[in-house]
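Pasting start_0.txt here (compact mmCIF, C-alpha atoms):
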# COMPACT_ATOMS: atom_id res chain seq x y z
CA MET A 27 14.10 29.20 4.59
CA ALA A 28 17.79 28.38 4.40
CA VAL A 29 17.26 25.21 6.44
CA PHE A 30 14.46 24.10 4.13
CA ARG A 31 16.61 24.82 1.05
CA ASN A 32 19.53 22.83 2.45
CA ARG A 33 17.24 19.88 3.32
CA PHE A 34 15.71 20.02 -0.16
CA ILE A 35 19.11 20.00 -1.88
CA THR A 36 20.29 17.14 0.34
CA GLN A 37 17.16 15.15 -0.50
CA VAL A 38 17.71 15.75 -4.23
CA PHE A 39 21.16 14.17 -3.98
CA ARG A 40 19.75 11.28 -1.94
CA SER A 41 17.00 10.67 -4.50
CA PHE A 42 19.55 10.67 -7.31
CA ALA A 43 21.76 8.25 -5.36
CA ASP A 44 18.75 5.93 -4.91
CA LEU A 45 18.26 5.87 -8.69
CA ILE A 46 21.90 5.14 -9.56
CA PRO A 47 21.63 1.31 -9.16
CA MET A 48 18.58 1.18 -11.44
CA LEU A 49 20.18 3.42 -14.05
CA THR A 50 23.40 1.39 -13.88
CA VAL A 51 21.56 -1.87 -14.56
CA ILE A 52 19.67 -0.37 -17.51
CA LEU A 53 22.81 1.10 -19.09
CA ILE A 54 24.88 -2.07 -18.60
CA PHE A 55 22.26 -4.29 -20.26
CA GLN A 56 21.60 -1.72 -22.97
CA PHE A 57 25.24 -1.42 -24.05
CA LEU A 58 26.76 -4.80 -23.10
CA VAL A 59 23.91 -7.28 -23.61
CA ILE A 60 21.48 -5.74 -26.11
CA LYS A 61 24.38 -3.78 -27.67
CA GLN A 62 22.22 -1.00 -28.97
CA PRO A 63 22.35 2.75 -28.40
CA ILE A 64 19.71 4.41 -26.25
CA PRO A 65 16.83 5.42 -28.58
CA ASP A 66 16.24 8.89 -27.11
CA VAL A 67 18.93 10.18 -24.77
CA VAL A 68 17.20 13.53 -24.24
CA ASN A 69 13.99 11.87 -23.03
CA LEU A 70 15.98 9.55 -20.76
CA ILE A 71 17.80 12.44 -19.12
CA THR A 72 14.62 14.54 -18.85
CA GLY A 73 12.66 11.63 -17.40
CA THR A 74 15.40 10.88 -14.88
CA LEU A 75 15.38 14.49 -13.70
CA PHE A 76 11.59 14.37 -13.32
CA ILE A 77 11.87 11.16 -11.27
CA VAL A 78 14.50 12.71 -9.00
CA LEU A 79 12.37 15.82 -8.51
CA GLY A 80 9.23 13.74 -7.93
CA LEU A 81 10.90 11.51 -5.34
CA THR A 82 12.33 14.54 -3.58
CA LEU A 83 8.97 16.34 -3.38
CA PHE A 84 7.18 13.14 -2.35
CA ILE A 85 9.57 12.44 0.53
CA GLN A 86 9.46 16.08 1.64
CA GLY A 87 5.67 15.90 1.63
CA LEU A 88 5.70 12.76 3.76
CA GLU A 89 8.06 14.27 6.30
CA GLN A 90 6.21 17.59 6.56
CA SER A 91 2.56 16.55 6.30
CA LEU A 92 1.47 12.89 6.26
CA PHE A 93 3.74 11.51 8.97
CA PRO A 94 3.18 14.40 11.45
CA ILE A 95 -0.59 14.55 10.96
CA GLY A 96 -0.91 10.76 11.19
CA GLU A 97 1.03 10.62 14.42
CA SER A 98 -0.72 13.63 15.97
CA MET A 99 -4.20 12.27 15.16
CA ALA A 100 -3.34 8.85 16.60
CA GLN A 101 -2.04 10.44 19.80
CA ALA A 102 -5.11 12.70 20.03
CA PHE A 103 -7.48 9.73 19.73
CA ALA A 104 -5.49 7.78 22.30
CA GLN A 105 -5.59 10.69 24.76
CA LYS A 106 -9.31 11.13 24.14
CA GLY A 107 -9.75 7.61 25.50
CA SER A 108 -12.53 6.60 23.10
CA LEU A 109 -11.85 3.16 21.67
CA PHE A 110 -14.93 3.36 19.44
CA TRP A 111 -13.82 6.51 17.62
CA LEU A 112 -10.24 5.29 17.37
CA LEU A 113 -11.41 2.09 15.69
CA CYS A 114 -13.77 4.04 13.41
CA PHE A 115 -10.93 6.32 12.39
CA SER A 116 -8.61 3.35 11.78
CA PHE A 117 -11.13 1.56 9.58
CA CYS A 118 -12.02 4.69 7.61
CA LEU A 119 -8.35 5.55 7.13
CA GLY A 120 -7.58 2.10 5.75
CA PHE A 121 -10.65 2.10 3.50
CA SER A 122 -10.24 5.62 2.11
CA THR A 123 -6.52 5.39 1.38
CA THR A 124 -6.95 2.03 -0.35
CA ILE A 125 -9.96 2.91 -2.49
CA ALA A 126 -7.92 5.81 -3.90
CA GLU A 127 -4.75 3.76 -4.43
CA PRO A 128 -3.68 4.22 -8.09
CA ALA A 129 -2.09 0.76 -8.29
CA LEU A 130 -5.30 -0.89 -7.07
CA ILE A 131 -7.41 1.06 -9.57
CA ALA A 132 -5.10 -0.07 -12.38
CA ILE A 133 -5.05 -3.75 -11.45
CA ALA A 134 -8.82 -3.87 -10.82
CA ASN A 135 -9.56 -2.37 -14.24
CA GLU A 136 -7.08 -4.69 -15.94
CA ALA A 137 -8.49 -7.75 -14.17
CA ALA A 138 -12.03 -6.80 -15.22
CA HIS A 139 -11.08 -6.39 -18.88
CA ILE A 140 -9.17 -9.68 -18.93
CA ALA A 141 -12.10 -11.46 -17.27
CA GLN A 142 -14.36 -10.08 -20.00
CA ASN A 143 -11.98 -11.17 -22.77
CA GLU A 144 -11.83 -14.68 -21.28
CA GLY A 145 -15.61 -14.92 -21.24
CA LEU A 146 -15.92 -14.83 -17.45
CA LEU A 147 -18.00 -11.65 -17.59
CA GLU A 148 -20.79 -10.48 -19.84
CA ASN A 149 -19.74 -8.41 -22.83
CA SER A 150 -20.99 -5.23 -21.22
CA THR A 151 -19.19 -2.07 -20.13
CA THR A 152 -21.43 -1.81 -17.08
CA THR A 153 -20.55 -5.34 -15.99
CA VAL A 154 -16.84 -4.65 -16.35
CA LEU A 155 -17.08 -1.44 -14.34
CA GLN A 156 -19.12 -3.15 -11.63
CA TYR A 157 -16.61 -6.00 -11.39
CA ALA A 158 -13.68 -3.58 -11.10
CA LEU A 159 -15.49 -1.45 -8.52
CA GLY A 160 -16.51 -4.53 -6.54
CA LEU A 161 -12.91 -5.67 -6.50
CA ARG A 162 -11.71 -2.27 -5.29
CA VAL A 163 -14.36 -2.03 -2.57
CA THR A 164 -13.59 -5.57 -1.40
CA VAL A 165 -9.89 -4.80 -1.08
CA ALA A 166 -10.59 -1.45 0.61
CA LEU A 167 -12.89 -3.11 3.15
CA SER A 168 -10.26 -5.73 3.88
CA VAL A 169 -7.57 -3.11 4.45
CA GLY A 170 -9.90 -1.12 6.71
CA LEU A 171 -10.49 -4.25 8.77
CA ALA A 172 -6.75 -4.98 8.75
CA ILE A 173 -5.87 -1.53 10.15
CA LEU A 174 -8.60 -1.89 12.77
CA LEU A 175 -7.16 -5.27 13.76
CA GLY A 176 -3.65 -3.82 13.86
CA VAL A 177 -4.78 -1.02 16.17
CA LEU A 178 -6.37 -3.55 18.51
CA ARG A 179 -3.08 -5.47 18.48
CA ILE A 180 -1.20 -2.36 19.61
CA ILE A 181 -3.75 -1.55 22.32
CA TYR A 182 -3.96 -5.05 23.80
CA GLY A 183 -0.41 -6.17 23.08
CA TRP A 184 -1.25 -9.16 20.89
CA GLN A 185 1.65 -11.02 19.30
CA LEU A 186 2.12 -9.93 15.69
CA GLN A 187 3.59 -13.23 14.51
CA HIS A 188 0.61 -15.23 15.77
CA LEU A 189 -1.88 -13.12 13.83
CA ILE A 190 0.25 -13.30 10.68
CA ILE A 191 0.56 -17.09 10.94
CA TYR A 192 -3.21 -17.49 11.40
CA GLY A 193 -3.81 -15.22 8.42
CA TYR A 194 -1.57 -17.20 6.08
CA LEU A 195 -3.08 -20.45 7.31
CA ALA A 196 -6.47 -19.05 6.27
CA ILE A 197 -5.02 -18.21 2.84
CA ILE A 198 -3.65 -21.74 2.44
CA VAL A 199 -7.04 -23.22 3.36
CA LEU A 200 -9.01 -20.93 1.02
CA THR A 201 -6.73 -21.20 -2.03
CA PRO A 202 -7.84 -24.70 -3.20
CA PHE A 203 -11.50 -23.64 -3.05
CA ALA A 204 -11.15 -20.27 -4.78
CA PRO A 205 -11.82 -19.96 -8.54
CA GLU A 206 -8.61 -20.41 -10.49
CA HIS A 207 -8.87 -17.06 -12.26
CA ILE A 208 -9.16 -15.11 -8.97
CA ILE A 209 -6.18 -16.61 -7.11
CA GLY A 210 -3.48 -14.64 -8.93
CA ILE A 211 -5.49 -11.42 -8.66
CA ALA A 212 -6.00 -12.02 -4.92
CA TYR A 213 -2.30 -12.51 -4.28
CA ASP A 214 -1.40 -9.42 -6.32
CA THR A 215 -3.89 -7.16 -4.54
CA GLY A 216 -2.03 -7.88 -1.32
CA GLY A 217 0.96 -6.09 -2.78
CA VAL A 218 -0.68 -3.19 -4.61
CA THR A 219 -2.51 -2.02 -1.47
CA THR A 220 0.79 -1.25 0.26
CA SER A 221 1.85 1.59 -1.98
CA THR A 222 2.40 5.35 -2.00
CA ILE A 223 -0.81 6.49 -0.30
CA THR A 224 -1.53 3.77 2.22
CA VAL A 225 1.90 3.07 3.69
CA PRO A 226 2.83 6.57 4.99
CA LEU A 227 -0.47 7.25 6.76
CA VAL A 228 -0.86 3.76 8.20
CA THR A 229 2.73 3.69 9.43
CA ALA A 230 2.31 7.10 11.03
CA LEU A 231 -0.89 5.89 12.71
CA GLY A 232 0.84 2.87 14.23
CA ILE A 233 3.87 4.80 15.45
CA GLY A 234 1.78 7.63 16.88
CA LEU A 235 -0.50 5.20 18.69
CA ALA A 236 2.42 3.24 20.14
CA LYS A 237 3.96 6.50 21.40
CA ALA A 238 0.71 7.57 23.04
CA ILE A 239 -0.08 4.32 24.86
CA LYS A 240 1.86 3.70 28.03
CA GLY A 241 3.94 0.53 27.96
CA ARG A 242 4.11 0.35 24.14
CA ASN A 243 7.34 0.67 22.18
CA PRO A 244 7.09 2.49 18.81
CA MET A 245 9.79 0.23 17.37
CA THR A 246 8.28 -3.11 18.40
CA ASP A 247 4.60 -2.19 18.54
CA GLY A 248 4.27 0.73 16.11
CA PHE A 249 5.16 -1.25 13.01
CA GLY A 250 3.31 -4.25 11.63
CA LEU A 251 0.10 -2.60 10.41
CA ILE A 252 1.27 -2.85 6.80
CA ALA A 253 1.63 -6.61 7.20
CA PHE A 254 -2.11 -6.86 7.89
CA ALA A 255 -2.87 -4.53 4.98
CA SER A 256 -1.09 -6.89 2.58
CA LEU A 257 -2.55 -10.04 4.12
CA THR A 258 -6.30 -9.50 4.44
CA PRO A 259 -6.92 -8.48 0.78
CA ILE A 260 -5.80 -11.94 -0.35
CA ILE A 261 -8.42 -13.58 1.88
CA PHE A 262 -11.21 -11.15 0.99
CA VAL A 263 -10.63 -11.25 -2.78
CA MET A 264 -10.65 -15.06 -2.84
CA ILE A 265 -13.93 -15.03 -0.92
CA TYR A 266 -15.20 -12.38 -3.35
CA GLY A 267 -14.38 -14.69 -6.26
CA MET A 268 -16.03 -17.66 -4.57
CA LEU A 269 -19.24 -15.71 -3.94
CA LEU A 270 -19.43 -14.43 -7.50

Full structure transcribed into structure tokens:
Amino acid sequence: MAVFRNRFITQVFRSFADLIPMLTVILIFQFLVIKQPIPDVVNLITGTLFIVLGLTLFIQGLEQSLFPIGESMAQAFAQKGSLFWLLCFSFCLGFSTTIAEPALIAIANEAAHIAQNEGLLENSTTTVLQYALGLRVTVALSVGLAILLGVLRIIYGWQLQHLIIYGYLAIIVLTPFAPEHIIGIAYDTGGVTTSTITVPLVTALGIGLAKAIKGRNPMTDGFGLIAFASLTPIIFVMIYGMLL
């Protein structure tokens, strides 16, 4: 209990130290550039404390649950020796974590409403919801495929840079043919998929798998899955826009 308490207190100070640069920038511009007092100091202090506490609990949760379970499951699948179930697990992990990603839900809903306001969709709530859901499912499928591809890369030792180069070449080729309104959304979905839910589990999967496979280095082979997760949504969303 004492060890946990000491780790928690240490993490609180680390979280606060991580926020200091952001708070410094806000205060400098508030007082020296805008030259106005802070509207509600009490809310600022309270909100900062909540952020520090939230970051601390989030990092503790990653270290004690998501990272260990991700690594242990990857090692268990590798030891089981079933490539089929490992690939199924990888795809389902990528799909499920992405479909629940709060940032993706927000950007899909916003994109659907803007498309409706611009006259690109029918003036119907059902149509807007279907468009947003279709966008989310498309991105989730692409991330599932990306994690599956990343797992195959670790197993067979494919060069990461070659796959990334081919992926961006595909993006360059598709961009001129994609509808203009979908290009910005496609590029943004590549970033929102790599957020709080997806990154910890996918990273743990890659590291655990690299540890379990003989001849693989967790440092050189375990990382790189997130690169695929931010790359494939751009391709899939542009194709989604072209098909619609």

Given all atoms listed in the file, how would the per-residue table for range 75-105 of chain A near range 35-57 of chain A read, listing every residue at most 12 Å away with its closest atom pair and distance in Å to one decimal, sorted by chain and number, as JSON lines?
{"residue": "A:Leu75", "atom": "CA", "partner": "A:Phe42", "partner_atom": "CA", "distance": 8.5}
{"residue": "A:Phe76", "atom": "CA", "partner": "A:Phe42", "partner_atom": "CA", "distance": 10.6}
{"residue": "A:Ile77", "atom": "CA", "partner": "A:Ser41", "partner_atom": "CA", "distance": 8.5}
{"residue": "A:Val78", "atom": "CA", "partner": "A:Ser41", "partner_atom": "CA", "distance": 5.5}
{"residue": "A:Leu79", "atom": "CA", "partner": "A:Val38", "partner_atom": "CA", "distance": 6.8}
{"residue": "A:Gly80", "atom": "CA", "partner": "A:Ser41", "partner_atom": "CA", "distance": 9.0}
{"residue": "A:Leu81", "atom": "CA", "partner": "A:Ser41", "partner_atom": "CA", "distance": 6.2}
{"residue": "A:Thr82", "atom": "CA", "partner": "A:Val38", "partner_atom": "CA", "distance": 5.6}
{"residue": "A:Leu83", "atom": "CA", "partner": "A:Gln37", "partner_atom": "CA", "distance": 8.8}
{"residue": "A:Phe84", "atom": "CA", "partner": "A:Gln37", "partner_atom": "CA", "distance": 10.3}
{"residue": "A:Ile85", "atom": "CA", "partner": "A:Gln37", "partner_atom": "CA", "distance": 8.1}
{"residue": "A:Gln86", "atom": "CA", "partner": "A:Gln37", "partner_atom": "CA", "distance": 8.0}
{"residue": "A:Gly87", "atom": "CA", "partner": "A:Gln37", "partner_atom": "CA", "distance": 11.7}
{"residue": "A:Glu89", "atom": "CA", "partner": "A:Gln37", "partner_atom": "CA", "distance": 11.4}

Under the rule of at most 12 Å, produce a per-residue listing of range 90-152 of chain A near range 245-258 of chain A: chain, number, name, the closest pair of atoms, and the distance in Å, as CSV, using all atoms listed in the file.
residue,atom,partner,partner_atom,distance
A:Glu97,CA,A:Gly248,CA,10.5
A:Ala100,CA,A:Gly248,CA,11.1
A:Ser116,CA,A:Leu251,CA,10.6
A:Phe117,CA,A:Ala255,CA,11.2
A:Leu119,CA,A:Ala255,CA,11.7
A:Gly120,CA,A:Ala255,CA,8.2
A:Phe121,CA,A:Ala255,CA,10.3
A:Thr123,CA,A:Ala255,CA,11.2
A:Thr124,CA,A:Ala255,CA,9.4

Expected file contents, prior selection, C-alpha atoms, as a CSV table (one decimal), keeping the file's coordinate frame:
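As a result, out06.csv now contains:
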chain,number,residue,atom,x,y,z
A,97,GLU,CA,1.0,10.6,14.4
A,100,ALA,CA,-3.3,8.8,16.6
A,116,SER,CA,-8.6,3.4,11.8
A,117,PHE,CA,-11.1,1.6,9.6
A,119,LEU,CA,-8.4,5.6,7.1
A,120,GLY,CA,-7.6,2.1,5.8
A,121,PHE,CA,-10.6,2.1,3.5
A,123,THR,CA,-6.5,5.4,1.4
A,124,THR,CA,-7.0,2.0,-0.4

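Between Ile180 in chain A and the candidates A:Asn243, A:Thr74, A:Ser91, A:Asn69, the tightest atom-to-atom separation, counting all atoms listed in the file, involves A:Asn243.
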
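CA of Thr229 in chain A is positioned 15.7 Å from CA of Gly217 in chain A.
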
Requested in this report: Can you pull out every residue within 10 Å of Glu206 in chain A, counting all atoms listed in the file, but drop anything in the same chain fewer than 3 positions away, and send it as a VMD selection string?
Outcome: chain A and resid 201 to 203 209 to 211 264 267 to 268

Report task. Considering only C-alpha atoms, state which residue in the set A:Leu231, A:Ile261, A:Ile60, A:Leu146 is at the smallest distance from Thr215 in chain A. Result -> A:Ile261

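Counting from CA of Leu88 in chain A, the distance to CA of Lys240 in chain A is 26.2 Å.
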
**Report entry** For Gly183 in chain A, the nearest of the candidates A:Val169, A:Gly241, A:Gly73, A:Val67, counting all atoms listed in the file
**Finding:** A:Gly241

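When all atoms listed in the file are used to measure the gap to Leu130 in chain A, the shortest distance among A:Ile173, A:Leu155, A:Cys114, A:Val218 belongs to A:Val218.
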
Report task. Could you check how far CA of Leu167 in chain A sits from CA of Cys118 in chain A, in Å to one decimal? Result -> 9.0 Å

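Using all atoms listed in the file, the smallest distance between any of A:Leu109, A:Ala102, A:Ala126, A:Ala230 and Leu159 in chain A comes from A:Ala126.
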
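Distances from A:Val68, A:Leu113, A:Ala132, A:Leu58 to Asp214 in chain A were compared using only C-alpha atoms, and the smallest one belongs to A:Ala132.
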